[in-house]
>>> print(open('input_10.cif').read())   # mmCIF, C-alpha atoms
data_start
#
loop_
_atom_site.group_PDB
_atom_site.id
_atom_site.type_symbol
_atom_site.label_atom_id
_atom_site.label_comp_id
_atom_site.auth_asym_id
_atom_site.auth_seq_id
_atom_site.Cartn_x
_atom_site.Cartn_y
_atom_site.Cartn_z
ATOM 1 C CA MET C 1 6.396 26.537 -45.738
ATOM 2 C CA LEU C 2 7.376 28.029 -42.393
ATOM 3 C CA GLU C 3 10.877 29.491 -42.373
ATOM 4 C CA LEU C 4 12.644 28.880 -39.097
ATOM 5 C CA ASN C 5 16.214 30.080 -38.707
ATOM 6 C CA GLN C 6 17.149 30.999 -35.160
ATOM 7 C CA ARG C 7 20.575 31.107 -33.552
ATOM 8 C CA VAL C 8 21.570 29.863 -30.117
ATOM 9 C CA GLU C 9 24.647 31.850 -29.101
ATOM 10 C CA GLU C 10 24.972 30.538 -25.538
ATOM 11 C CA VAL C 11 23.431 28.274 -22.935
ATOM 12 C CA PRO C 12 21.052 28.460 -21.217
ATOM 13 C CA SER C 13 18.716 29.507 -23.989
ATOM 14 C CA ALA C 14 15.334 28.642 -25.495
ATOM 15 C CA ILE C 15 13.859 28.735 -28.991
ATOM 16 C CA THR C 16 10.149 28.686 -29.726
ATOM 17 C CA THR C 17 9.105 26.752 -32.803
ATOM 18 C CA SER C 18 5.629 26.206 -34.203
ATOM 19 C CA TYR C 19 5.412 22.907 -32.360
ATOM 20 C CA GLY C 20 7.155 23.484 -29.098
ATOM 21 C CA ILE C 21 10.016 24.989 -27.204
ATOM 22 C CA LEU C 22 13.578 23.748 -27.538
ATOM 23 C CA THR C 23 15.615 24.489 -24.420
ATOM 24 C CA PHE C 24 19.413 24.512 -24.396
ATOM 25 C CA GLU C 25 21.262 24.102 -21.110
ATOM 26 C CA LYS C 26 24.616 22.898 -19.822
ATOM 27 C CA SER C 27 24.793 19.447 -18.238
ATOM 28 C CA LEU C 28 27.775 17.906 -16.459
ATOM 29 C CA GLU C 29 26.536 14.374 -16.953
ATOM 30 C CA GLN C 30 25.061 12.352 -19.762
ATOM 31 C CA ARG C 31 22.322 9.824 -19.226
ATOM 32 C CA GLN C 32 20.235 7.772 -21.591
ATOM 33 C CA ALA C 33 18.383 10.473 -23.521
ATOM 34 C CA SER C 34 14.698 10.172 -24.285
ATOM 35 C CA GLU C 35 13.380 10.924 -27.769
ATOM 36 C CA ARG C 36 12.769 14.492 -26.537
ATOM 37 C CA GLU C 37 16.393 15.030 -25.430
ATOM 38 C CA CYS C 38 19.781 15.259 -27.082
ATOM 39 C CA PHE C 39 23.204 15.556 -25.435
ATOM 40 C CA ILE C 40 25.931 17.252 -27.500
ATOM 41 C CA PRO C 41 29.451 17.224 -26.039
ATOM 42 C CA MET C 42 30.294 20.854 -25.235
ATOM 43 C CA LYS C 43 33.654 20.495 -26.996
ATOM 44 C CA ASP C 44 31.821 19.566 -30.228
ATOM 45 C CA ALA C 45 29.096 22.203 -29.918
ATOM 46 C CA SER C 46 30.291 24.649 -32.563
ATOM 47 C CA PHE C 47 28.353 27.801 -31.615
ATOM 48 C CA PRO C 48 26.153 29.327 -32.659
ATOM 49 C CA LEU C 49 23.811 26.371 -32.873
ATOM 50 C CA ILE C 50 21.095 26.895 -35.459
ATOM 51 C CA VAL C 51 17.462 25.785 -35.297
ATOM 52 C CA ARG C 52 15.933 25.809 -38.757
ATOM 53 C CA THR C 53 13.588 23.926 -41.027
ATOM 54 C CA ARG C 54 14.814 21.406 -43.583
ATOM 55 C CA ASN C 55 16.633 22.301 -46.758
ATOM 56 C CA ARG C 56 16.549 20.349 -49.987
ATOM 57 C CA GLY C 57 19.208 17.638 -49.887
ATOM 58 C CA ASP C 58 19.816 17.771 -46.105
ATOM 59 C CA VAL C 59 21.675 14.756 -44.719
ATOM 60 C CA ILE C 60 22.535 13.554 -41.230
ATOM 61 C CA GLU C 61 25.308 11.226 -40.089
ATOM 62 C CA PRO C 62 23.160 9.040 -37.827
ATOM 63 C CA LYS C 63 24.293 7.816 -34.448
ATOM 64 C CA GLY C 64 25.262 4.149 -34.624
ATOM 65 C CA LEU C 65 25.391 3.963 -38.425
ATOM 66 C CA ASP C 66 28.159 4.433 -40.946
ATOM 67 C CA GLY C 67 27.593 6.969 -43.670
ATOM 68 C CA ARG C 68 24.861 9.522 -44.164
ATOM 69 C CA GLN C 69 21.081 9.478 -44.464
ATOM 70 C CA LYS C 70 18.822 11.964 -46.239
ATOM 71 C CA LEU C 71 16.323 13.730 -44.007
ATOM 72 C CA ASN C 72 13.655 13.219 -46.629
ATOM 73 C CA ARG C 73 14.127 9.425 -46.383
ATOM 74 C CA ILE C 74 13.854 9.583 -42.581
ATOM 75 C CA PHE C 75 10.591 11.541 -42.850
ATOM 76 C CA ILE C 76 9.166 9.064 -45.368
ATOM 77 C CA ASP C 77 10.235 6.017 -43.313
ATOM 78 C CA GLN C 78 8.692 7.525 -40.158
ATOM 79 C CA LYS C 79 5.489 8.446 -42.052
ATOM 80 C CA VAL C 80 5.763 12.142 -41.192
ATOM 81 C CA THR C 81 3.167 14.175 -43.094
ATOM 82 C CA ARG C 82 4.390 16.607 -45.758
ATOM 83 C CA ARG C 83 2.975 19.531 -43.803
ATOM 84 C CA ALA C 84 4.944 18.507 -40.709
ATOM 85 C CA ARG C 85 8.166 17.923 -42.693
ATOM 86 C CA ASP C 86 8.173 21.536 -43.839
ATOM 87 C CA GLN C 87 7.916 22.817 -40.255
ATOM 88 C CA TRP C 88 10.015 20.220 -38.420
ATOM 89 C CA PRO C 89 12.882 21.767 -36.425
ATOM 90 C CA VAL C 90 16.398 20.761 -37.438
ATOM 91 C CA VAL C 91 19.278 21.507 -35.024
ATOM 92 C CA THR C 92 22.678 22.174 -36.619
ATOM 93 C CA ASP C 93 26.043 23.473 -35.522
ATOM 94 C CA SER C 94 27.674 26.568 -36.998
ATOM 95 C CA GLN C 95 29.284 24.420 -39.715
ATOM 96 C CA GLY C 96 25.886 23.154 -40.908
ATOM 97 C CA ASN C 97 26.263 19.639 -39.485
ATOM 98 C CA ILE C 98 22.865 18.316 -38.470
ATOM 99 C CA LEU C 99 23.060 17.370 -34.798
ATOM 100 C CA TRP C 100 19.479 16.370 -34.089
ATOM 101 C CA LEU C 101 16.173 15.817 -35.842
ATOM 102 C CA PRO C 102 13.920 15.916 -32.755
ATOM 103 C CA LEU C 103 12.016 12.690 -32.054
ATOM 104 C CA LEU C 104 13.561 11.005 -35.091
ATOM 105 C CA LYS C 105 17.376 10.880 -35.287
ATOM 106 C CA LYS C 106 20.456 11.932 -33.375
ATOM 107 C CA SER C 107 23.760 12.393 -35.143
ATOM 108 C CA ARG C 108 27.052 10.620 -34.508
ATOM 109 C CA PHE C 109 28.146 13.806 -32.695
ATOM 110 C CA THR C 110 25.970 12.761 -29.740
ATOM 111 C CA THR C 111 27.926 9.590 -28.929
ATOM 112 C CA GLU C 112 31.171 10.862 -27.419
ATOM 113 C CA ARG C 113 31.973 11.050 -23.719
ATOM 114 C CA ALA C 114 32.851 14.497 -22.422
ATOM 115 C CA ASP C 115 33.206 16.602 -19.286
ATOM 116 C CA SER C 116 30.131 18.666 -20.117
ATOM 117 C CA TYR C 117 27.275 18.686 -22.589
ATOM 118 C CA VAL C 118 24.692 20.903 -24.171
ATOM 119 C CA LEU C 119 21.369 19.293 -23.273
ATOM 120 C CA ILE C 120 18.677 20.130 -25.822
ATOM 121 C CA THR C 121 15.124 19.297 -24.785
ATOM 122 C CA LEU C 122 11.907 19.477 -26.807
ATOM 123 C CA GLN C 123 9.305 20.693 -24.294
ATOM 124 C CA ARG C 124 6.239 20.039 -26.440
ATOM 125 C CA SER C 125 6.549 17.482 -29.172
ATOM 126 C CA LEU C 126 5.262 17.263 -32.705
ATOM 127 C CA LYS C 127 3.396 14.148 -31.588
ATOM 128 C CA ASP C 128 1.532 16.285 -29.048
ATOM 129 C CA ALA C 129 0.585 18.666 -31.868
ATOM 130 C CA GLY C 130 -0.920 15.789 -33.860
ATOM 131 C CA LEU C 131 1.495 16.115 -36.762
ATOM 132 C CA PHE C 132 3.366 12.863 -36.274
#
>>> encode(input="input_10.cif", output="structure tokens")
Amino acid sequence: MLELNQRVEEVPSAITTSYGILTFEKSLEQRQASERECFIPMKDASFPLIVRTRNRGDVIEPKGLDGRQKLNRIFIDQKVTRRARDQWPVVTDSQGNILWLPLLKKSRFTTERADSYVLITLQRSLKDAGLF
């Protein structure tokens, strides 16, 4: 299993993963995000942000749903291969809250209105790599 554990201390920044580049930049406006984008209100972006692979028992508080959902269940429901699951980037804040599972789920932390945002973009997707 690939170990990914990189810190984003400030924006702009970029992190290279096995399946693409995640860019982090400041945005003053929020628009409807594509599956390759995630807007985190700057006031909720507890730095450093962490890009890592999954850990056993990881859960996300999904946008638009009450409660929590296990990452493993999301991977199974989306038919993500086991090989891809072990290398999939997971974006968290400094407190360990999962903010975004690229292409799959955004957390409830992405729903608030704010004056500024951290825009995270996946430049090359796991779909492009043939793993999803």
>>> closest_atom_pairs(input="input_10.cif", of="stretch 68-114 of chain C", to="stretch 15-25 of chain C", cutoff="9 Å", atoms="all atoms listed in the file", output="JSON lines")
{"residue": "C:Gln87", "atom": "CA", "partner": "C:Ser18", "partner_atom": "CA", "distance": 7.3}
{"residue": "C:Trp88", "atom": "CA", "partner": "C:Tyr19", "partner_atom": "CA", "distance": 8.1}
{"residue": "C:Pro89", "atom": "CA", "partner": "C:Thr17", "partner_atom": "CA", "distance": 7.2}
>>> closest_residue(input="input_10.cif", among="C:Ser27, C:Gln32, C:Asn72, C:Gln95", to="C:Leu49", atoms="all atoms listed in the file")
C:Gln95
>>> axis_aligned_box(input="input_10.cif", around="stretch 29-38 of chain C", padding_each_side="5 Å", output="AutoDock Vina command-line options")
--center_x 19.7 --center_y 11.5 --center_z -22.4 --size_x 23.8 --size_y 17.5 --size_z 20.8
>>> resolve_selection(input="input_10.cif", expression="the PyMOL selection byres ((chain C and resi 9) around 9)", output="CSV table (one decimal) with C-alpha atoms, keeping the file's coordinate frame")
chain,number,residue,atom,x,y,z
C,7,ARG,CA,20.6,31.1,-33.6
C,8,VAL,CA,21.6,29.9,-30.1
C,10,GLU,CA,25.0,30.5,-25.5
C,11,VAL,CA,23.4,28.3,-22.9
C,13,SER,CA,18.7,29.5,-24.0
C,47,PHE,CA,28.4,27.8,-31.6
C,48,PRO,CA,26.2,29.3,-32.7
C,49,LEU,CA,23.8,26.4,-32.9
C,50,ILE,CA,21.1,26.9,-35.5
>>> closest_residue(input="input_10.cif", among="C:Ile74, C:Val91, C:Met42, C:Leu103", to="C:Val118", atoms="all atoms listed in the file")
C:Met42
>>> atom_distance(input="input_10.cif", atom1="atom CA of C:Phe39", atom2="atom CA of C:Pro102")
11.8 Å
>>> residues_near_point(input="input_10.cif", point="(23.6, 15.7, -35.4)", cutoff="8 Å", atoms="only C-alpha atoms", output="PyMOL selection string")
chain C and resi 60-63+91-92+97-101+105-110
>>> residues_around(input="input_10.cif", residues="C:Glu29", least_positions_apart="5", cutoff="12 Å", atoms="only C-alpha atoms", output="PDB file with C-alpha atoms, in the coordinates of the input")
ATOM      1  CA  PHE C  39      23.204  15.556 -25.435  1.00  0.00           C
ATOM      2  CA  ILE C  40      25.931  17.252 -27.500  1.00  0.00           C
ATOM      3  CA  PRO C  41      29.451  17.224 -26.039  1.00  0.00           C
ATOM      4  CA  MET C  42      30.294  20.854 -25.235  1.00  0.00           C
ATOM      5  CA  GLU C 112      31.171  10.862 -27.419  1.00  0.00           C
ATOM      6  CA  ARG C 113      31.973  11.050 -23.719  1.00  0.00           C
ATOM      7  CA  ALA C 114      32.851  14.497 -22.422  1.00  0.00           C
ATOM      8  CA  ASP C 115      33.206  16.602 -19.286  1.00  0.00           C
ATOM      9  CA  SER C 116      30.131  18.666 -20.117  1.00  0.00           C
ATOM     10  CA  TYR C 117      27.275  18.686 -22.589  1.00  0.00           C
ATOM     11  CA  VAL C 118      24.692  20.903 -24.171  1.00  0.00           C
ATOM     12  CA  LEU C 119      21.369  19.293 -23.273  1.00  0.00           C
TER      13      LEU C 119
END
>>> closest_residue(input="input_10.cif", among="C:Thr111, C:Leu104, C:Arg54, C:Val90", to="C:Arg36", atoms="only C-alpha atoms")
C:Leu104
>>> closest_residue(input="input_10.cif", among="C:Gln6, C:Gln30, C:Asn55, C:Gln69", to="C:Asp86", atoms="only C-alpha atoms")
C:Asn55
>>> atom_distance(input="input_10.cif", atom1="atom CA of C:Lys79", atom2="atom CA of C:Ala14")
27.9 Å
>>> atom_distance(input="input_10.cif", atom1="atom CA of C:Asp93", atom2="atom CA of C:Ile120")
12.6 Å
>>> residues_near_point(input="input_10.cif", point="(22.7, 20.0, -44.4)", cutoff="6 Å", atoms="only C-alpha atoms", output="tab-separated table (two decimals) with C-alpha atoms, in the frame of the given file")
chain	number	residue	atom	x	y	z
C	58	ASP	CA	19.82	17.77	-46.10
C	59	VAL	CA	21.68	14.76	-44.72
C	96	GLY	CA	25.89	23.15	-40.91
